[in-house]
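run-v6.cif follows; it contains mmCIF, C-alpha atoms and all ligand atoms.
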data_final
#
loop_
_atom_site.label_atom_id
_atom_site.label_comp_id
_atom_site.auth_asym_id
_atom_site.auth_seq_id
_atom_site.Cartn_x
_atom_site.Cartn_y
_atom_site.Cartn_z
CA MET A 1 35.93 13.54 -26.19
CA GLU A 2 32.43 14.99 -26.23
CA ASP A 3 29.70 13.44 -24.14
CA LYS A 4 26.96 12.16 -26.35
CA ILE A 5 23.37 12.82 -25.33
CA VAL A 6 21.16 9.79 -25.74
CA THR A 7 17.53 8.89 -25.15
CA LEU A 8 17.06 6.95 -21.92
CA GLU A 9 13.38 6.16 -22.38
CA ALA A 10 10.37 7.46 -24.29
CA PHE A 11 7.07 7.93 -22.52
CA TYR A 12 3.56 8.69 -23.67
CA ASP A 13 2.55 10.06 -20.31
CA PRO A 14 4.07 13.49 -19.53
CA MET A 15 3.51 12.96 -15.81
CA LEU A 16 5.41 9.71 -15.84
CA ALA A 17 8.27 11.34 -17.70
CA GLU A 18 8.36 14.07 -15.06
CA ILE A 19 8.45 11.47 -12.29
CA ILE A 20 11.38 9.68 -13.90
CA ARG A 21 13.19 12.96 -14.50
CA ALA A 22 12.72 14.02 -10.87
CA ARG A 23 13.97 10.63 -9.74
CA LEU A 24 17.13 10.87 -11.82
CA GLU A 25 17.80 14.43 -10.72
CA ALA A 26 17.35 13.43 -7.11
CA ASN A 27 20.19 10.97 -7.73
CA GLY A 28 22.41 13.63 -9.25
CA ILE A 29 21.93 12.64 -12.89
CA PRO A 30 21.71 15.60 -15.27
CA CYS A 31 18.83 15.01 -17.66
CA PHE A 32 16.10 16.79 -19.56
CA ILE A 33 12.84 16.07 -21.29
CA ALA A 34 12.62 16.51 -25.04
CA ASP A 35 9.48 17.15 -27.07
CA ASN A 36 7.41 17.89 -23.99
CA ASN A 37 6.27 21.34 -25.12
CA ILE A 38 5.02 20.11 -28.44
CA ILE A 39 3.03 17.37 -26.79
CA GLY A 40 1.63 19.76 -24.21
CA ALA A 41 0.38 22.01 -26.98
CA ASN A 42 -1.20 19.25 -29.00
CA PRO A 43 -1.52 15.72 -27.65
CA LEU A 44 -2.04 14.39 -31.16
CA TYR A 45 1.65 14.98 -31.86
CA ASN A 46 2.48 12.57 -29.08
CA GLN A 47 2.31 9.49 -31.25
CA ALA A 48 4.00 11.15 -34.21
CA MET A 49 6.94 12.30 -32.10
CA GLY A 50 7.45 8.88 -30.55
CA GLY A 51 6.55 10.04 -27.09
CA ILE A 52 8.33 12.20 -24.57
CA LYS A 53 11.99 11.41 -24.47
CA ILE A 54 14.17 11.62 -21.42
CA LYS A 55 17.67 12.58 -22.52
CA VAL A 56 20.79 11.80 -20.53
CA PHE A 57 24.52 11.75 -21.15
CA GLU A 58 25.65 8.47 -22.59
CA HIS A 59 28.11 7.90 -19.75
CA ASP A 60 25.20 8.14 -17.25
CA LEU A 61 23.10 5.56 -19.06
CA GLU A 62 24.16 2.57 -16.98
CA LYS A 63 23.73 4.52 -13.77
CA CYS A 64 20.23 5.61 -14.82
CA ARG A 65 19.11 2.07 -15.45
CA GLU A 66 20.52 1.05 -12.12
CA ILE A 67 18.65 3.84 -10.34
CA LEU A 68 15.38 3.08 -12.07
CA SER A 69 15.62 -0.61 -11.26
CA GLN A 70 15.98 0.10 -7.54
CA PRO A 71 12.95 -0.31 -5.35
CA GLU A 72 11.91 2.92 -3.74
CA GLU A 73 9.28 4.29 -1.48
CA LEU A 74 6.37 5.84 -3.25
CA ALA A 75 6.52 9.50 -2.42
CA LEU A 76 6.19 10.93 -5.85
CA THR A 77 4.70 14.32 -5.15
CA ASP A 78 6.46 15.18 -1.92
CA GLU A 79 8.83 17.86 -3.19
CA LYS A 80 6.48 19.37 -5.70
CA LEU A 81 3.83 20.75 -3.40
CA ASP A 82 4.12 23.94 -1.49
CA GLN A 83 3.39 22.65 1.96
CA SER A 84 3.73 25.90 3.87
CA ALA A 85 0.15 26.98 3.16
CA THR A 86 -1.43 23.83 4.54
CA THR A 87 -2.43 23.37 8.14
CA CYS A 88 -4.07 20.49 9.93
CA PRO A 89 -7.85 20.99 10.17
CA TYR A 90 -7.87 19.21 13.54
CA CYS A 91 -5.10 20.99 15.44
CA ASN A 92 -3.93 23.79 13.07
CA SER A 93 -0.39 22.46 13.09
CA THR A 94 1.76 23.17 10.00
CA ASN A 95 3.74 20.01 10.68
CA VAL A 96 1.94 18.18 7.87
CA ARG A 97 3.13 16.22 4.87
CA TYR A 98 1.42 15.14 1.66
CA GLY A 99 2.06 11.67 0.34
CA ALA A 100 0.87 8.16 -0.05
CA ALA A 101 -1.27 7.31 2.93
CA THR A 102 0.41 3.93 3.01
CA HIS A 103 4.06 3.46 2.19
CA ILE A 104 4.55 0.77 -0.39
CA LYS A 105 7.84 -0.69 -1.45
CA THR A 106 7.70 -1.41 -5.11
CA ASN A 107 9.86 -2.36 -8.00
CA TRP A 108 10.32 0.75 -10.11
CA PHE A 109 10.16 -1.08 -13.42
CA HIS A 110 6.95 -2.81 -12.49
CA LEU A 111 5.55 0.56 -11.57
CA VAL A 112 6.59 2.07 -14.89
CA ILE A 113 5.15 -0.77 -16.88
CA SER A 114 1.93 -0.64 -14.89
CA PHE A 115 1.74 3.10 -15.50
CA LEU A 116 2.12 2.56 -19.22
CA LEU A 117 -0.64 0.02 -19.16
CA ALA A 118 -2.67 2.29 -16.90
CA THR A 119 -3.44 -0.58 -14.56
CA TYR A 120 -1.54 0.54 -11.50
CA PRO A 121 -3.79 1.17 -8.51
CA LEU A 122 -2.28 4.34 -7.12
CA PRO A 123 -2.15 4.44 -3.35
CA ARG A 124 -4.53 6.92 -1.84
CA LYS A 125 -2.85 10.26 -1.33
CA ALA A 126 -3.58 12.21 1.79
CA TRP A 127 -2.14 14.77 4.12
CA HIS A 128 -0.76 13.46 7.35
CA CYS A 129 -0.42 15.59 10.48
CA PHE A 130 2.64 14.76 12.56
CA ASN A 131 1.32 16.81 15.45
CA CYS A 132 -1.93 14.97 16.14
CA GLY A 133 -1.39 11.97 13.85
CA LYS A 134 -4.56 12.38 11.78
CA ASP A 135 -4.91 12.05 8.00
CA PHE A 136 -6.98 14.47 5.98
CA GLU A 137 -7.66 15.26 2.33
ZN ZN A 201 -3.15 17.80 13.50
#

Mind converting the file's structure to C-alpha cells?
Amino acid sequence: MEDKIVTLEAFYDPMLAEIIRARLEANGIPCFIADNNIIGANPLYNQAMGGIKIKVFEHDLEKCREILSQPEELALTDEKLDQSATTCPYCNSTNVRYGAATHIKTNWFHLVISFLLATYPLPRKAWHCFNCGKDFE
C-alpha cells in the first residue's frame, strides 16, 4: 500500500511555514513545503495558490497534530544561525547563544493563530553570553 501525501496545513506566511516544517523535522516527521518557490517569486500568487502547503505522509498526520498542539519553548531561530562567528562584546567569549531573551512557554496553536492574525508580540531576541552572563544585540 502506497503512502498518500496529504496537506497538513496551508500558510500565508512563508516564515511560519518554515517554522512548522523545522518543528516537524525536529520530531522526525518527513515533510516538505509545496508552492513556496512560486510564492517567493511573486507574492501575488500566494492567494491564488491557497497559501504555502506543508505536505506530510497521511500516516504521520495524527502525529503531526499532536506535535503541533504540544507546548514548547520559544527558540525558533536557534539552529538556523551560524553562531561560530559571534563573540561576546564584553568578554570575547564564543560561548554565546541567540534566542528569545525570555523563555516563554506557549501553546503552539495559539502561537500559530496569533501569527496568522499578526497580533503576536514576539519576545525580544538577543544574544546571551554564557561566560559573563550579559545579553547583547
Ligand atoms: Zn561575555

*Rounded to one decimal place, report the CA of Asn27 in chain A-CA of Cys129 in chain A distance in Å.*
27.9 Å

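Between CA of Ile5 in chain A and CA of Ser69 in chain A the separation is 20.9 Å.
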
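A straight line drawn from CA of Asn92 in chain A to atom ZN of ligand ZN 201 (chain A) is 6.1 Å long.
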
Within 10 Å of ligand ZN 201 (chain A), counting all atoms listed in the file: which residues, as a compact mmCIF listing (two decimals) with C-alpha atoms, in the coordinates of the input?
# COMPACT_ATOMS: atom_id res chain seq x y z
CA THR A 87 -2.43 23.37 8.14
CA CYS A 88 -4.07 20.49 9.93
CA PRO A 89 -7.85 20.99 10.17
CA TYR A 90 -7.87 19.21 13.54
CA CYS A 91 -5.10 20.99 15.44
CA ASN A 92 -3.93 23.79 13.07
CA SER A 93 -0.39 22.46 13.09
CA THR A 94 1.76 23.17 10.00
CA ASN A 95 3.74 20.01 10.68
CA VAL A 96 1.94 18.18 7.87
CA TRP A 127 -2.14 14.77 4.12
CA HIS A 128 -0.76 13.46 7.35
CA CYS A 129 -0.42 15.59 10.48
CA PHE A 130 2.64 14.76 12.56
CA ASN A 131 1.32 16.81 15.45
CA CYS A 132 -1.93 14.97 16.14
CA GLY A 133 -1.39 11.97 13.85
CA LYS A 134 -4.56 12.38 11.78
CA ASP A 135 -4.91 12.05 8.00
CA PHE A 136 -6.98 14.47 5.98

*Name the closest residue to Ala26 in chain A among the candidates A:Asp3, A:Tyr12, A:Phe57, A:Cys64; distances are taken between atoms, counting only C-alpha atoms.*
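Using only C-alpha atoms, the shortest distance to Ala26 in chain A belongs to A:Cys64.
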
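With only C-alpha atoms as the basis for measurement, A:Cys31 is the residue among A:Ile20, A:Ala126, A:Ala10, A:Cys31 that approaches Glu58 in chain A most closely.
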
*asked:* Around (23.9, 7.3, -18.1), as given in the file, which residues come within 12 Å? Count all atoms listed in the file and list them as a VMD selection string.
replied: chain A and resid 3 to 9 24 to 25 27 to 31 54 to 68

*Could you name the residues that touch Ile33 in chain A at 9 Å or less, counting all atoms listed in the file, but leaving out those on the same chain fewer than 5 positions away, as JSON, numbers by chain?*
{"A": [17, 18, 21, 52, 53, 54, 55]}

Around all the atoms of range 8-20 of chain A listed in the file, with 4 Å of room on each side, what axis-aligned box do you get, giving centre and edge lengths in Å to one decimal, as AutoDock Vina command-line options?
--center_x 9.8 --center_y 10.1 --center_z -18.3 --size_x 22.5 --size_y 15.9 --size_z 20.0

Will you model N, CA and C atoms for range 9-31 of chain A and pass it back as a CSV table (one decimal), in the frame of the given file?
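Printed below is out_8.csv as written:
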chain,number,residue,atom,x,y,z
A,9,GLU,N,14.7,6.8,-22.2
A,9,GLU,CA,13.4,6.2,-22.4
A,9,GLU,C,12.4,7.1,-23.1
A,10,ALA,N,11.4,6.6,-23.7
A,10,ALA,CA,10.4,7.5,-24.3
A,10,ALA,C,9.1,7.1,-23.6
A,11,PHE,N,8.3,8.1,-23.2
A,11,PHE,CA,7.1,7.9,-22.5
A,11,PHE,C,5.9,8.6,-23.3
A,12,TYR,N,4.7,8.1,-23.1
A,12,TYR,CA,3.6,8.7,-23.7
A,12,TYR,C,2.8,9.5,-22.6
A,13,ASP,N,3.2,9.4,-21.4
A,13,ASP,CA,2.6,10.1,-20.3
A,13,ASP,C,3.5,11.1,-19.8
A,14,PRO,N,3.2,12.4,-20.0
A,14,PRO,CA,4.1,13.5,-19.5
A,14,PRO,C,4.3,13.4,-18.0
A,15,MET,N,3.3,13.0,-17.3
A,15,MET,CA,3.5,13.0,-15.8
A,15,MET,C,4.5,11.9,-15.4
A,16,LEU,N,4.5,10.8,-16.1
A,16,LEU,CA,5.4,9.7,-15.8
A,16,LEU,C,6.8,10.2,-16.2
A,17,ALA,N,7.0,10.8,-17.3
A,17,ALA,CA,8.3,11.3,-17.7
A,17,ALA,C,8.8,12.3,-16.6
A,18,GLU,N,7.9,13.1,-16.1
A,18,GLU,CA,8.4,14.1,-15.1
A,18,GLU,C,8.8,13.3,-13.8
A,19,ILE,N,8.1,12.3,-13.5
A,19,ILE,CA,8.4,11.5,-12.3
A,19,ILE,C,9.8,10.9,-12.5
A,20,ILE,N,10.1,10.3,-13.6
A,20,ILE,CA,11.4,9.7,-13.9
A,20,ILE,C,12.5,10.7,-13.9
A,21,ARG,N,12.2,11.9,-14.5
A,21,ARG,CA,13.2,13.0,-14.5
A,21,ARG,C,13.5,13.4,-13.1
A,22,ALA,N,12.5,13.6,-12.3
A,22,ALA,CA,12.7,14.0,-10.9
A,22,ALA,C,13.5,13.0,-10.1
A,23,ARG,N,13.3,11.7,-10.4
A,23,ARG,CA,14.0,10.6,-9.7
A,23,ARG,C,15.5,10.6,-10.1
A,24,LEU,N,15.7,10.8,-11.4
A,24,LEU,CA,17.1,10.9,-11.8
A,24,LEU,C,17.9,12.1,-11.2
A,25,GLU,N,17.2,13.2,-11.3
A,25,GLU,CA,17.8,14.4,-10.7
A,25,GLU,C,18.1,14.3,-9.2
A,26,ALA,N,17.2,13.6,-8.5
A,26,ALA,CA,17.4,13.4,-7.1
A,26,ALA,C,18.6,12.6,-6.9
A,27,ASN,N,19.0,11.8,-7.9
A,27,ASN,CA,20.2,11.0,-7.7
A,27,ASN,C,21.4,11.6,-8.4
A,28,GLY,N,21.3,12.9,-8.7
A,28,GLY,CA,22.4,13.6,-9.2
A,28,GLY,C,22.7,13.4,-10.7
A,29,ILE,N,21.7,12.9,-11.5
A,29,ILE,CA,21.9,12.6,-12.9
A,29,ILE,C,21.4,13.8,-13.7
A,30,PRO,N,22.2,14.5,-14.4
A,30,PRO,CA,21.7,15.6,-15.3
A,30,PRO,C,20.9,15.0,-16.4
A,31,CYS,N,19.7,15.5,-16.6
A,31,CYS,CA,18.8,15.0,-17.7
A,31,CYS,C,17.8,16.1,-18.0
